[in-house]
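File shown: data10.csv (CSV, C-alpha atoms and all ligand atoms).
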chain,number,residue,atom,x,y,z
A,1,MET,CA,-34.0,6.0,-37.2
A,2,ARG,CA,-34.1,2.7,-35.4
A,3,LYS,CA,-30.6,1.9,-36.7
A,4,LEU,CA,-29.3,5.2,-35.4
A,5,PHE,CA,-30.9,4.5,-32.0
A,6,LEU,CA,-29.3,1.1,-31.9
A,7,LEU,CA,-25.9,2.6,-32.9
A,8,GLY,CA,-26.3,5.2,-30.2
A,9,MET,CA,-27.1,2.5,-27.7
A,10,LEU,CA,-24.1,0.5,-28.8
A,11,PHE,CA,-21.9,3.5,-28.6
A,12,SER,CA,-23.0,4.4,-25.0
A,13,LEU,CA,-22.5,0.8,-24.0
A,14,PHE,CA,-19.0,0.9,-25.6
A,15,CYS,CA,-18.2,4.1,-23.6
A,16,PHE,CA,-19.5,2.6,-20.4
A,17,VAL,CA,-17.4,-0.5,-20.8
A,18,ASN,CA,-14.4,1.7,-21.6
A,19,GLN,CA,-15.0,3.7,-18.5
A,20,LEU,CA,-15.2,0.6,-16.4
A,21,GLU,CA,-11.9,-0.6,-17.9
A,22,ALA,CA,-10.3,2.8,-17.3
A,23,LYS,CA,-11.4,2.6,-13.7
A,24,GLU,CA,-10.1,-1.0,-13.5
A,25,ASN,CA,-6.7,0.2,-14.9
A,26,MET,CA,-6.4,2.9,-12.3
A,27,LYS,CA,-6.9,0.4,-9.5
A,28,PRO,CA,-5.8,-2.9,-10.8
A,29,LEU,CA,-6.9,-5.0,-7.7
A,30,ASN,CA,-10.4,-5.3,-6.4
A,31,GLU,CA,-11.2,-4.1,-2.9
A,32,LYS,CA,-10.9,-7.5,-1.2
A,33,GLU,CA,-7.5,-8.1,-2.9
A,34,GLU,CA,-6.3,-4.7,-1.9
A,35,LYS,CA,-7.1,-5.5,1.7
A,36,VAL,CA,-5.2,-8.9,1.4
A,37,VAL,CA,-2.2,-6.8,0.3
A,38,GLU,CA,-2.5,-4.4,3.2
A,39,ILE,CA,-3.1,-7.1,5.8
A,40,SER,CA,-0.1,-9.0,4.6
A,41,MET,CA,2.2,-6.0,4.5
A,42,HIS,CA,1.3,-4.9,8.1
A,43,THR,CA,1.6,-8.5,9.4
A,44,ALA,CA,5.1,-8.8,7.9
A,45,ARG,CA,6.1,-5.5,9.5
A,46,GLY,CA,4.4,-6.3,12.8
A,47,LYS,CA,2.5,-2.9,12.7
A,48,MET,CA,-0.5,-3.7,14.9
A,49,PRO,CA,-2.6,-0.5,14.8
A,50,GLU,CA,-2.3,-0.4,11.0
A,51,LEU,CA,-3.0,-4.2,10.8
A,52,ARG,CA,-6.1,-3.8,12.9
A,53,LYS,CA,-7.5,-1.1,10.5
A,54,ALA,CA,-6.7,-3.2,7.5
A,55,LEU,CA,-8.3,-6.3,9.0
A,56,ALA,CA,-11.5,-4.4,9.8
A,57,ALA,CA,-11.5,-2.9,6.3
A,58,GLY,CA,-11.0,-6.4,4.9
A,59,LEU,CA,-14.0,-7.7,6.7
A,60,ASP,CA,-16.1,-4.7,5.7
A,61,ALA,CA,-15.0,-5.3,2.1
A,62,GLY,CA,-16.4,-8.8,2.3
A,63,LEU,CA,-13.4,-11.0,3.1
A,64,THR,CA,-14.6,-13.9,5.3
A,65,VAL,CA,-13.1,-14.7,8.7
A,66,ASN,CA,-11.6,-17.9,7.4
A,67,GLU,CA,-10.1,-16.3,4.3
A,68,ILE,CA,-8.3,-13.8,6.5
A,69,LYS,CA,-7.2,-16.5,9.0
A,70,GLU,CA,-5.8,-18.5,6.1
A,71,VAL,CA,-3.8,-15.5,4.9
A,72,LEU,CA,-2.4,-14.9,8.4
A,73,VAL,CA,-1.6,-18.6,8.9
A,74,GLN,CA,0.2,-18.9,5.5
A,75,LEU,CA,2.3,-15.8,6.3
A,76,TYR,CA,4.1,-17.7,9.1
A,77,ALA,CA,6.0,-19.5,6.4
A,78,TYR,CA,7.3,-16.1,5.1
A,79,CYS,CA,7.7,-13.9,8.1
A,80,GLY,CA,7.8,-16.3,11.0
A,81,PHE,CA,5.6,-17.6,13.8
A,82,PRO,CA,6.0,-14.4,16.0
A,83,ARG,CA,4.5,-12.1,13.3
A,84,SER,CA,1.8,-14.6,12.3
A,85,LEU,CA,0.8,-15.3,16.0
A,86,ASN,CA,0.7,-11.5,16.8
A,87,ALA,CA,-1.5,-10.9,13.7
A,88,LEU,CA,-3.9,-13.8,14.6
A,89,GLY,CA,-4.1,-12.5,18.2
A,90,ASN,CA,-4.9,-9.0,16.9
A,91,PHE,CA,-7.6,-10.5,14.6
A,92,MET,CA,-9.1,-12.6,17.4
A,93,THR,CA,-9.5,-9.4,19.6
A,94,LEU,CA,-11.0,-7.4,16.7
A,95,LEU,CA,-13.5,-10.2,16.0
A,96,SER,CA,-14.7,-10.3,19.6
A,97,GLU,CA,-15.0,-6.5,19.7
A,98,ARG,CA,-17.0,-6.5,16.4
A,99,GLU,CA,-19.3,-9.3,17.7
A,100,ALA,CA,-19.9,-7.3,20.9
A,101,ALA,CA,-20.8,-4.3,18.8
A,102,GLY,CA,-23.4,-6.4,16.9
A,103,ILE,CA,-21.4,-6.8,13.7
A,104,ARG,CA,-21.9,-10.2,12.2
A,105,ASP,CA,-18.9,-11.2,10.0
A,106,ALA,CA,-19.3,-14.1,7.6
A,107,ALA,CA,-17.2,-17.1,8.8
A,108,GLY,CA,-16.6,-18.4,5.3
A,109,LYS,CA,-15.4,-21.8,4.2
A,110,LEU,CA,-13.0,-24.0,6.2
A,111,PRO,CA,-10.5,-25.9,4.1
A,112,GLY,CA,-11.6,-29.4,2.8
A,113,PRO,CA,-9.5,-32.4,3.5
A,114,LEU,CA,-5.9,-32.4,2.1
A,115,PRO,CA,-5.3,-34.5,-1.0
A,116,GLU,CA,-4.7,-38.3,-0.6
A,117,GLY,CA,-1.2,-39.4,0.0
A,118,LYS,CA,1.9,-37.9,1.6
A,119,SER,CA,2.4,-34.2,1.9
A,120,ILE,CA,5.8,-34.5,0.2
A,121,ASP,CA,4.2,-36.0,-2.9
A,122,PHE,CA,1.3,-33.7,-3.5
A,123,GLY,CA,3.4,-30.7,-2.2
A,124,THR,CA,6.1,-31.4,-4.8
A,125,ALA,CA,3.3,-31.6,-7.4
A,126,ASN,CA,1.8,-28.3,-6.2
A,127,GLN,CA,5.2,-26.6,-6.2
A,128,THR,CA,5.9,-27.7,-9.8
A,129,LYS,CA,2.5,-26.5,-10.9
A,130,LEU,CA,2.8,-23.2,-9.1
A,131,CYS,CA,6.3,-22.4,-10.5
A,132,GLY,CA,5.7,-23.9,-13.9
A,133,ALA,CA,8.6,-26.3,-13.6
A,134,PRO,CA,10.2,-28.6,-11.0
A,135,VAL,CA,12.2,-26.6,-8.5
A,136,LYS,CA,15.8,-27.7,-8.0
A,137,GLY,CA,19.1,-26.0,-6.9
A,138,ALA,CA,22.4,-26.3,-5.3
A,139,LEU,CA,21.0,-24.8,-2.1
A,140,PHE,CA,18.5,-27.7,-1.8
A,141,ASP,CA,21.3,-30.3,-2.3
A,142,PHE,CA,23.3,-28.4,0.3
A,143,ALA,CA,20.5,-28.4,2.8
A,144,PRO,CA,17.9,-31.2,1.8
A,145,ALA,CA,15.9,-30.6,5.0
A,146,ILE,CA,14.8,-27.2,3.9
A,147,ASP,CA,13.8,-28.5,0.5
A,148,GLU,CA,11.7,-31.2,2.2
A,149,TYR,CA,10.0,-28.6,4.5
A,150,LEU,CA,9.2,-26.3,1.5
A,151,LYS,CA,7.7,-29.1,-0.5
A,152,ALA,CA,5.9,-31.1,2.2
A,153,HIS,CA,4.9,-28.4,4.5
A,154,LEU,CA,4.6,-25.1,2.7
A,155,PHE,CA,3.5,-26.3,-0.7
A,156,GLY,CA,1.8,-29.5,0.6
A,157,ASP,CA,0.2,-28.8,4.0
A,158,ILE,CA,-0.4,-25.1,3.5
A,159,PHE,CA,-1.0,-24.6,-0.2
A,160,GLY,CA,-3.0,-27.8,-0.2
A,161,ARG,CA,-5.7,-26.1,1.9
A,162,ASP,CA,-8.4,-25.2,-0.6
A,163,ASN,CA,-10.2,-22.3,1.0
A,164,LEU,CA,-7.9,-19.7,-0.5
A,165,ASP,CA,-6.9,-19.8,-4.1
A,166,TRP,CA,-3.2,-19.8,-5.1
A,167,ARG,CA,-3.4,-16.4,-6.8
A,168,THR,CA,-4.6,-14.8,-3.6
A,169,ARG,CA,-1.9,-16.7,-1.7
A,170,GLU,CA,0.7,-15.2,-4.0
A,171,LEU,CA,-0.8,-11.6,-3.6
A,172,ALA,CA,-0.3,-12.1,0.2
A,173,THR,CA,3.2,-13.5,-0.2
A,174,ILE,CA,4.4,-10.7,-2.6
A,175,ALA,CA,3.1,-8.0,-0.3
A,176,ALA,CA,4.7,-9.6,2.8
A,177,LEU,CA,8.1,-10.1,1.1
A,178,ALA,CA,8.0,-6.5,-0.4
A,179,ALA,CA,7.5,-5.2,3.1
A,180,MET,CA,10.6,-7.0,4.5
A,181,ASP,CA,14.3,-6.1,4.1
A,182,GLY,CA,16.8,-8.4,2.6
A,183,VAL,CA,14.5,-10.8,0.8
A,184,ASP,CA,14.9,-9.5,-2.8
A,185,SER,CA,15.6,-12.9,-4.3
A,186,GLN,CA,12.5,-14.5,-2.7
A,187,LEU,CA,10.4,-11.4,-3.8
A,188,ALA,CA,11.6,-11.8,-7.4
A,189,SER,CA,10.8,-15.5,-7.3
A,190,HIS,CA,7.3,-14.9,-6.0
A,191,ILE,CA,6.7,-12.1,-8.5
A,192,ALA,CA,7.4,-14.7,-11.2
A,193,ILE,CA,5.2,-17.3,-9.5
A,194,GLY,CA,2.5,-14.7,-9.1
A,195,LYS,CA,2.6,-13.9,-12.9
A,196,HIS,CA,2.5,-17.6,-13.6
A,197,ASN,CA,-0.7,-17.7,-11.5
A,198,GLY,CA,-2.6,-14.8,-13.1
A,199,VAL,CA,-1.2,-11.8,-11.3
A,200,THR,CA,-0.7,-9.0,-13.9
A,201,GLU,CA,2.3,-6.6,-14.2
A,202,ALA,CA,0.0,-3.7,-13.3
A,203,GLN,CA,-1.1,-5.5,-10.2
A,204,ILE,CA,2.4,-6.2,-9.1
A,205,SER,CA,3.4,-2.5,-9.7
A,206,TRP,CA,0.4,-1.5,-7.6
A,207,ILE,CA,1.4,-3.8,-4.7
A,208,LEU,CA,5.0,-2.6,-4.8
A,209,GLU,CA,3.9,1.0,-4.8
A,210,VAL,CA,1.5,0.6,-1.9
A,211,VAL,CA,4.1,-1.2,0.2
A,212,LYS,CA,6.8,1.4,-0.7
A,213,GLY,CA,4.5,4.3,0.1
A,214,ASN,CA,3.8,2.7,3.5
A,215,SER,CA,7.4,2.0,4.3
A,216,LEU,CA,8.6,5.5,3.8
A,217,SER,CA,9.2,6.5,7.4
A,218,ALA,CA,8.8,5.2,10.9
A,219,PHE,CA,5.7,7.4,11.2
A,220,PRO,CA,2.2,6.3,10.2
A,221,ARG,CA,1.2,7.2,6.7
A,222,GLY,CA,-2.4,8.1,7.8
A,223,GLU,CA,-5.3,8.5,5.5
A,224,GLU,CA,-5.5,9.8,2.0
A,225,ASN,CA,-5.5,13.6,2.3
A,226,THR,CA,-8.9,14.3,0.7
A,227,ALA,CA,-9.7,17.5,2.6
A,228,TYR,CA,-6.8,19.4,1.0
A,229,ALA,CA,-6.8,17.4,-2.3
A,230,LYS,CA,-7.9,20.5,-4.2
A,231,TYR,CA,-4.6,22.2,-3.3
A,232,PHE,CA,-2.4,19.2,-4.4
A,233,ILE,CA,-1.6,17.7,-7.8
A,234,GLY,CA,-1.4,13.9,-7.2
A,235,LYS,CA,-2.3,11.9,-4.1
A,236,SER,CA,-1.0,12.7,-0.6
A,237,TYR,CA,-1.6,11.1,2.8
A,238,LEU,CA,-1.9,12.9,6.2
A,239,ALA,CA,-1.2,11.6,9.7
A,240,PRO,CA,-1.6,14.1,12.5
A,241,LEU,CA,0.9,13.1,15.2
A,242,THR,CA,0.1,15.5,18.0
A,243,LYS,CA,-3.2,16.0,19.8
A,244,ASP,CA,-2.7,18.3,22.8
A,245,GLU,CA,-3.5,21.8,21.7
A,246,ARG,CA,-2.0,23.4,24.8
A,247,LEU,CA,1.4,22.6,23.5
A,248,HIS,CA,0.8,24.8,20.4
A,249,VAL,CA,2.9,22.6,18.2
A,250,PRO,CA,0.8,20.8,15.6
A,251,VAL,CA,2.9,18.1,13.8
A,252,SER,CA,1.8,15.9,10.9
A,253,ASN,CA,3.5,13.4,8.7
A,254,VAL,CA,2.7,14.1,5.1
A,255,THR,CA,3.4,11.5,2.4
A,256,PHE,CA,3.4,12.3,-1.3
A,257,GLU,CA,3.1,9.8,-4.1
A,258,PRO,CA,5.7,10.2,-6.9
A,259,GLY,CA,5.0,13.4,-8.8
A,260,CYS,CA,2.7,14.8,-6.1
A,261,ARG,CA,3.2,18.4,-4.9
A,262,ASN,CA,1.1,21.0,-3.3
A,263,ASN,CA,0.1,24.3,-4.9
A,264,TRP,CA,2.1,27.5,-4.4
A,265,HIS,CA,1.1,28.7,-0.9
A,266,ARG,CA,2.3,30.7,2.1
A,267,HIS,CA,1.8,30.6,5.9
A,268,THR,CA,1.6,33.8,8.0
A,269,GLY,CA,3.2,31.9,10.9
A,270,GLY,CA,5.9,30.2,8.8
A,271,GLN,CA,6.4,26.4,8.7
A,272,LEU,CA,9.1,23.8,9.5
A,273,LEU,CA,9.5,20.7,7.3
A,274,ILE,CA,11.6,17.7,8.4
A,275,ALA,CA,12.2,15.2,5.6
A,276,VAL,CA,11.8,11.6,6.9
A,277,GLY,CA,11.6,9.3,3.9
A,278,GLY,CA,12.1,9.1,0.2
A,279,VAL,CA,13.1,12.0,-2.1
A,280,GLY,CA,11.3,15.4,-2.3
A,281,PHE,CA,11.7,19.0,-3.3
A,282,TYR,CA,11.1,22.4,-1.8
A,283,GLN,CA,11.0,25.7,-3.8
A,284,GLU,CA,10.5,29.3,-2.9
A,285,ARG,CA,9.2,31.7,-5.6
A,286,GLY,CA,12.1,33.0,-7.8
A,287,LYS,CA,14.6,30.6,-6.3
A,288,GLU,CA,16.1,27.2,-7.4
A,289,ALA,CA,14.3,24.2,-6.0
A,290,ARG,CA,16.0,22.3,-3.2
A,291,LYS,CA,16.2,18.5,-3.2
A,292,LEU,CA,15.2,17.0,0.2
A,293,LEU,CA,16.4,13.7,1.7
A,294,PRO,CA,15.6,12.2,5.1
A,295,GLY,CA,17.1,14.4,7.8
A,296,ASP,CA,16.9,17.6,5.9
A,297,VAL,CA,15.2,20.5,7.7
A,298,VAL,CA,13.5,23.4,5.9
A,299,GLU,CA,12.7,26.6,7.8
A,300,ILE,CA,10.0,28.4,5.8
A,301,PRO,CA,9.8,32.1,6.9
A,302,PRO,CA,6.3,33.7,7.3
A,303,ASP,CA,4.6,35.0,4.1
A,304,VAL,CA,7.1,33.4,1.7
A,305,ASP,CA,5.4,31.8,-1.4
A,306,HIS,CA,6.6,28.2,-1.8
A,307,TRP,CA,5.6,24.6,-2.6
A,308,HIS,CA,6.8,21.1,-1.5
A,309,GLY,CA,6.3,17.6,-2.8
A,310,ALA,CA,7.8,14.4,-4.1
A,311,ALA,CA,10.4,13.8,-6.8
A,312,PRO,CA,8.8,12.7,-10.1
A,313,ASP,CA,9.7,9.0,-9.6
A,314,GLN,CA,10.0,8.7,-5.8
A,315,TRP,CA,7.7,8.7,-2.8
A,316,PHE,CA,8.4,11.4,-0.2
A,317,SER,CA,7.5,11.9,3.4
A,318,HIS,CA,8.1,14.9,5.6
A,319,LEU,CA,6.9,16.1,9.0
A,320,ALA,CA,5.1,19.4,8.8
A,321,ILE,CA,5.2,21.6,11.9
A,322,GLU,CA,2.9,24.5,12.0
A,323,CYS,CA,4.6,27.6,13.5
A,324,ASN,CA,2.8,30.2,15.5
A,325,PRO,CA,-0.4,28.2,15.2
A,326,GLU,CA,-2.4,30.7,17.4
A,327,THR,CA,-2.3,33.2,14.6
A,328,ASN,CA,-1.2,31.2,11.5
A,329,LYS,CA,-3.2,31.4,8.3
A,330,ASN,CA,-2.5,29.5,5.1
A,331,THR,CA,-3.1,31.1,1.7
A,332,TRP,CA,-3.4,28.7,-1.2
A,333,LEU,CA,-2.4,29.9,-4.7
A,334,GLU,CA,-2.1,28.5,-8.2
A,335,PRO,CA,-0.9,24.9,-8.9
A,336,VAL,CA,2.8,24.2,-9.8
A,337,SER,CA,2.5,23.6,-13.5
A,338,GLY,CA,3.9,20.5,-15.1
A,339,ALA,CA,6.5,22.6,-16.9
A,340,ASP,CA,7.6,24.4,-13.8
A,341,TYR,CA,7.7,21.1,-11.8
A,342,ALA,CA,9.8,19.4,-14.5
A,343,ARG,CA,12.2,22.4,-14.6
A,344,ALA,CA,12.5,22.4,-10.8
A,345,THR,CA,13.2,18.7,-10.4
A,346,SER,CA,15.1,17.8,-13.5
A,347,GLY,CA,18.8,17.0,-13.4
A,348,LYS,CA,18.9,17.0,-9.5
B,401,MN,MN,4.1,24.9,3.2

Could you express the structure from this file as structure tokens?
Ligand code: MN
Amino acid sequence: MRKLFLLGMLFSLFCFVNQLEAKENMKPLNEKEEKVVEISMHTARGKMPELRKALAAGLDAGLTVNEIKEVLVQLYAYCGFPRSLNALGNFMTLLSEREAAGIRDAAGKLPGPLPEGKSIDFGTANQTKLCGAPVKGALFDFAPAIDEYLKAHLFGDIFGRDNLDWRTRELATIAALAAMDGVDSQLASHIAIGKHNGVTEAQISWILEVVKGNSLSAFPRGEENTAYAKYFIGKSYLAPLTKDERLHVPVSNVTFEPGCRNNWHRHTGGQLLIAVGGVGFYQERGKEARKLLPGDVVEIPPDVDHWHGAAPDQWFSHLAIECNPETNKNTWLEPVSGADYARATSGK
């Protein structure tokens, strides 16, 4: 009896650990790390309202003021003084507003003194340790000054500051580079450096997906669409773009993660969709699905059953314009089954 009880206990413990692991697998970074990624991505793009939200969420998640400052200072090496200075200014304003509102944010540690000796020496050692081997190349022979700045300044003066660990520095760098155009080679290098410093494959995929989902269109991505989640398969995000109800034109940006689509549904007032990012699909009952690319416009007549969503392996973003909003009513129907979705989207 006692043995059975113990076995039972062990089994529930096993299930519990498994569940924790499953949760961990779904969201490979912890909350603080996620916020470092978001802060870095918005800093690199210079998107101030989004950055402000991410900074506040980072503080709420327990990042210290000095940890965040350190991320923003380091990013100047990857996206330039203007982006870094704007982000620091934004952070400074946010902190004084929080203080005025009575929120006490933890200052955290300041960096200790830099290692003994010249920056170029300990910086070269840091670079070798970070990358797993000495870094050489024709480019550095061609322009020795940049090699010296990288070694002495970036990997010495900046990476030598010990109040942010190297793994976190790499999370920030990967997110910032992924958010910028035309730096694929540097992104690939930093993904390799990240892996060498404990960032897993799953964590890198997560970062790239978050950055990609955020870069879909010039419009904000908004919040996860939890209110309508029961009418969607997969995750979607909603950003209402218009406020003034007297205009009678409610417009929202809707973003779908890969494979996400809404249920079959109809609108009594009809609906207009304008594709603005990624690759998506639209299908009316009994008809072939239509592939949607940025710039495509879909005019959905009143009372026609349809669904819209992302391609299986691509993010998608469209503006949704409610037509005849004074009288419009939406009717939600059954989900688009995996088989129907696969048939609608395959080979297109
Ligand atoms: Mn619709």

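Of note, atom CA of Phe316 of chain A and atom CA of Thr345 of chain A are spaced 13.4 Å apart.
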
(request) Would you mind telling me which residue in A:Asn197, A:Thr43, A:Thr124, A:Asn328 lies nearest to Arg266 of chain A when using all atoms listed in the file? (result) A:Asn328

(request) Would you mind listing the residues within 8 Å of ligand MN 401 (chain B), counting only C-alpha atoms and all ligand atoms, as a ChimeraX atom specification? (result) /A:265-267,270-271,273,300,306-308,320

(request) For Thr200 of chain A, list every protein, DNA or RNA residue within 12 Å, evaluated using all atoms listed in the file, and leave out those in the same chain fewer than 3 positions away; present the list as a VMD selection string. (result) chain A and resid 25 28 to 29 167 170 to 171 191 to 197 203 to 207

(message) Set the distance at 12 Å and use all atoms listed in the file: which residues neighbour segment 89-92 of chain A once local chain neighbours fewer than 6 positions away are removed? I'd like the list as a PyMOL selection string.
(response) chain A and resi 39+42-43+46-59+65-66+68-73+81-83+98-99

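Each of A:Leu150, A:Ala133, A:Arg104, A:Ser96 was compared to Ser119 of chain A using all atoms listed in the file, and A:Leu150 turns out to be the nearest.
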
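Put simply, atom CA of Lys151 of chain A is 25.7 Å away from atom CA of Asn86 of chain A.
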
(message) As an exercise, work out the distance from atom CA of Gly182 of chain A to atom CA of Gly198 of chain A in Å and give it to one decimal place.
(response) 25.8 Å

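Candidate residues A:Lys348, A:Arg221, A:Lys109, A:Lys136 were compared for distance to His318 of chain A, and the nearest is A:Arg221, using all atoms listed in the file.
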
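Distances from A:Thr168, A:Thr64, A:Ser217, A:Asn126 to Ala107 of chain A were compared using all atoms listed in the file, and the smallest one belongs to A:Thr64.
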
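Closest to Leu75 of chain A among A:Ala44, A:Leu139, A:Val276, A:Cys260 is A:Ala44, based on all atoms listed in the file.
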
(message) I'd like the neighbourhood of Gly259 of chain A as a ChimeraX atom specification, where a residue qualifies if any of its atoms comes within 8 Å (using all atoms listed in the file), though same-chain residues fewer than 3 positions away should be ignored.
(response) /A:233-234,256,309-314

Could you write out that same residue set with C-alpha atoms as a CSV table (one decimal), in the coordinates of the input?
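Wrote result28.csv, looks like this:
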chain,number,residue,atom,x,y,z
A,233,ILE,CA,-1.6,17.7,-7.8
A,234,GLY,CA,-1.4,13.9,-7.2
A,256,PHE,CA,3.4,12.3,-1.3
A,309,GLY,CA,6.3,17.6,-2.8
A,310,ALA,CA,7.8,14.4,-4.1
A,311,ALA,CA,10.4,13.8,-6.8
A,312,PRO,CA,8.8,12.7,-10.1
A,313,ASP,CA,9.7,9.0,-9.6
A,314,GLN,CA,10.0,8.7,-5.8

(request) Neighbourhood query: residues within 12 Å of (-4.0, 15.5, -8.2), file coordinates, counting all atoms listed in the file; return as a ChimeraX atom specification. (result) /A:224-226,228-236,256-263,309,335-338

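Counting all atoms listed in the file, the residue from A:Gly213, A:Gly112, A:Pro325, A:Pro294 that sits nearest to Gly277 of chain A is A:Pro294.
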
(request) Tell me which protein, DNA and RNA residues are within 9 Å of Arg290 of chain A, counting only C-alpha atoms, leaving out same-chain ones fewer than 3 positions away, and put them as a list in words. (result) Gly280, Phe281, Tyr282, Gln283, Glu284, Lys287, Ala344, Thr345 and Lys348 of chain A

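Once Ala178 of chain A and its same-chain neighbours fewer than 3 positions away are set aside, Met41, Thr173, Ile174, Ala175, Asp181, Val183, Asp184, Leu187, Ile207, Leu208, Val211 and Lys212 of chain A remain within 9 Å of it when counting all atoms listed in the file.
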